[in-house]
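Here the structure comes first, spelled out in structure tokens, and everything after it is commentary.
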Amino acid sequence: MPIEDSAEAERLKDVPSVLRRSVDLLRCFDVDADTLSVSELVERSGLPRSSVHRLAMDLVTLGFLTRSSRARYSIGALMFELGHVSLIHSRLRTLAQVHMTRLYDASGENVFLGVLSSDLPEFAAMLNVGQVRGPRSVTTSEREGARSPLLSTALGRALVSVQSDEWVEGFLQKAKRDAAADLANAEDPADAIQFVRENGYAKIFSETTVSLATPIPSSDSAPNAALGIVAARERWDEHRLVPLLKTTALAVAKNIARK
């Protein structure tokens, strides 16, 4: 979707317009709309039809998109190829998977892995990059590849908590302007982040579930990440689950550091 926030627009003013528009076009796709027509791309991106048609064809030529015989577009093979050399996939997710599976086996609850979608506080969201579910875990709407506002998720709060004070200040300024922050329980944003910094984990309650998350100690070998659990409220046992979660996060960090 096009960037509309004035502060974000200021950040992007020196980025070539063709690059900004190309990214706007690529971000039109998601798991519920993995193939789109030109008309649908125009509607989703807000770009002129002539620009969408030209950019789409250029992105097909470069391999970022592919075009079907019915003139519908989808994400191309180059995006898949590049995704597999991302540190998120090649190191973080690959090395975390075995520990996430063990955490599920020990807890019986949904396990999630999250990263920041951007290094810049103006653009950052929580991006779900891994998960382990099973027959014992509660049904949730979270899905891999989805973004969520940082303060509305335990994973997002855990990610924000380990950023620099300058980064957090920039993010909180953005959160105060942005209704999409969607704070759980109407908590003060600064208080929510301070809780994680003091206790080492984030906690959010909904009507049916409780979410926990803790930062994974950072490494130069992989991006900042957080590990989380989502459990049914009737099975909630914070004294059991928090130590399991923190121990697993440390195990992931040690595994990454050895690579």
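Ordering of the structure tokens sets the chain letters (A, B, ...); residue numbers start at 1 within each chain; ligands are numbered from 1 in the order shown.
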Need the shell around segment 66-81 of chain A: protein/DNA/RNA residues with any atom at most 7 Å away, counting only C-alpha atoms. Skip same-chain ones fewer than 5 positions apart. Format as a ChimeraX atom specification?
/A:34-37,60
Can you tell me, as a VMD selection string, what residues are no more than 9 Å from Pro217 of chain A when counting only C-alpha atoms, ignoring any on the same chain fewer than 5 positions away?
chain A and resid 162 224 to 226 249 to 250 252 to 254
Quick one: pick out all helix (DSSP H, G or I) residues within segment 55-220 of chain A from a backbone DSSP run and write them as number ranges by chain.
A: 55-62, 77-83, 87-107, 150-152, 154-161, 165-177, 179-181, 184-186, 189-199
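Contact shell of Ala190 of chain A at 10 Å (only C-alpha atoms; same-chain neighbours under 4 positions omitted): Leu151, Ser161, Val168, Glu169, Leu172, Gln194 and Phe195 of chain A.
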What would the file look like if the residues just selected were written as a compact mmCIF listing (two decimals), in the first residue's frame with N, CA, C and O atoms?
# COMPACT_ATOMS: atom_id res chain seq x y z
N LEU A 151 2.86 -2.97 19.02
CA LEU A 151 2.37 -2.91 20.40
C LEU A 151 1.16 -3.79 20.64
O LEU A 151 0.78 -4.02 21.79
N SER A 161 11.42 -3.77 22.87
CA SER A 161 12.10 -3.59 24.16
C SER A 161 13.62 -3.63 24.06
O SER A 161 14.30 -3.07 24.92
N VAL A 168 13.36 3.52 20.25
CA VAL A 168 12.08 3.39 20.96
C VAL A 168 11.36 4.73 21.01
O VAL A 168 10.14 4.80 20.82
N GLU A 169 12.10 5.81 21.24
CA GLU A 169 11.47 7.13 21.28
C GLU A 169 10.83 7.47 19.95
O GLU A 169 9.70 7.97 19.88
N LEU A 172 7.67 5.32 19.61
CA LEU A 172 6.56 5.75 20.46
C LEU A 172 5.91 7.03 19.93
O LEU A 172 4.69 7.20 20.03
N GLN A 194 8.34 -0.80 29.01
CA GLN A 194 9.11 -0.86 30.25
C GLN A 194 8.88 -2.17 30.98
O GLN A 194 9.80 -2.73 31.60
N PHE A 195 7.66 -2.69 30.93
CA PHE A 195 7.37 -3.98 31.56
C PHE A 195 8.27 -5.08 31.00
O PHE A 195 8.82 -5.89 31.75
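When the distance limit is 8 Å and only C-alpha atoms are what count, the residues near Arg157 of chain A, minus those fewer than 6 positions from it on the same chain, are Leu150, Leu151, Ala192, Ile193, Val196 and Ala202 of chain A.
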Writing out the chosen residues with all heavy atoms as a short mmCIF file (atom, residue, chain, number, x, y, z; two decimals), in the first residue's frame:
data_model
loop_
_atom_site.label_atom_id
_atom_site.label_comp_id
_atom_site.auth_asym_id
_atom_site.auth_seq_id
_atom_site.Cartn_x
_atom_site.Cartn_y
_atom_site.Cartn_z
N LEU A 150 3.24 -3.46 16.20
CA LEU A 150 4.16 -3.95 17.22
C LEU A 150 3.57 -4.00 18.62
O LEU A 150 3.76 -4.98 19.34
CB LEU A 150 5.43 -3.09 17.23
CG LEU A 150 6.40 -3.33 16.07
CD1 LEU A 150 7.46 -2.22 16.03
CD2 LEU A 150 7.07 -4.69 16.19
N LEU A 151 2.86 -2.97 19.02
CA LEU A 151 2.37 -2.91 20.40
C LEU A 151 1.16 -3.79 20.64
O LEU A 151 0.78 -4.02 21.79
CB LEU A 151 2.06 -1.47 20.79
CG LEU A 151 3.29 -0.57 20.92
CD1 LEU A 151 2.86 0.87 21.16
CD2 LEU A 151 4.20 -1.04 22.04
N ALA A 192 4.11 -0.36 28.53
CA ALA A 192 4.13 -1.71 27.97
C ALA A 192 5.56 -2.14 27.65
O ALA A 192 5.95 -3.28 27.91
CB ALA A 192 3.27 -1.75 26.71
N ILE A 193 6.36 -1.22 27.11
CA ILE A 193 7.75 -1.53 26.77
C ILE A 193 8.60 -1.65 28.03
O ILE A 193 9.45 -2.53 28.15
CB ILE A 193 8.34 -0.46 25.83
CG1 ILE A 193 7.50 -0.36 24.55
CG2 ILE A 193 9.79 -0.79 25.49
CD1 ILE A 193 7.22 -1.68 23.87
N VAL A 196 8.44 -5.09 29.68
CA VAL A 196 9.28 -6.12 29.06
C VAL A 196 10.74 -5.93 29.47
O VAL A 196 11.44 -6.89 29.78
CB VAL A 196 9.16 -6.07 27.52
CG1 VAL A 196 9.90 -7.26 26.90
CG2 VAL A 196 7.71 -6.07 27.09
N ALA A 202 7.06 -10.20 27.51
CA ALA A 202 5.82 -9.45 27.32
C ALA A 202 4.64 -10.38 27.55
O ALA A 202 4.74 -11.59 27.38
CB ALA A 202 5.77 -8.89 25.90
#
Neighbouring residues of segment 39-47 of chain A were defined as those with any atom within 10 Å, considering only C-alpha atoms; residues of the same chain fewer than 5 positions away were excluded. Please report them as a PyMOL selection string.
chain A and resi 1-3+21-29+33+52-53+56+72-73
Skip Val230 of chain A itself and residues of its chain fewer than 2 positions away, then list as a PyMOL selection string all residues within 6 Å of it, counting only C-alpha atoms.
chain A and resi 110+210-211
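Atom CA of Pro135 of chain A to atom CA of Arg102 of chain A spans 14.9 Å [interatomic distance, one decimal].
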Counting only C-alpha atoms, figure out which residue out of A:Gly200, A:Gly145, A:Pro223, A:Pro121 gets nearest to Asp165 of chain A.
A:Pro121
Have a look at A:Val111, A:Val38, A:Ile204, A:Val138 and name the one nearest to Ser152 of chain A; count only C-alpha atoms.
A:Ile204
Pick out each residue of segment 45-171 of chain A that DSSP on the backbone tags as strand (DSSP E or B); I need them as number ranges by chain.
A: 65-67, 73-75, 110-116, 126-132, 147-148
From the list A:Gly134, A:Ala146, A:Ile256, A:Val129, the nearest residue to Leu103 of chain A using only C-alpha atoms is A:Gly134
Residue nearest Gly114 of chain A - candidates A:Leu92, A:Ala154, A:Val18, A:Leu227, atoms counted: only C-alpha atoms
A:Leu227
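The space separating atom CA of Ala175 of chain A from atom CA of Glu122 of chain A comes to 8.9 Å.
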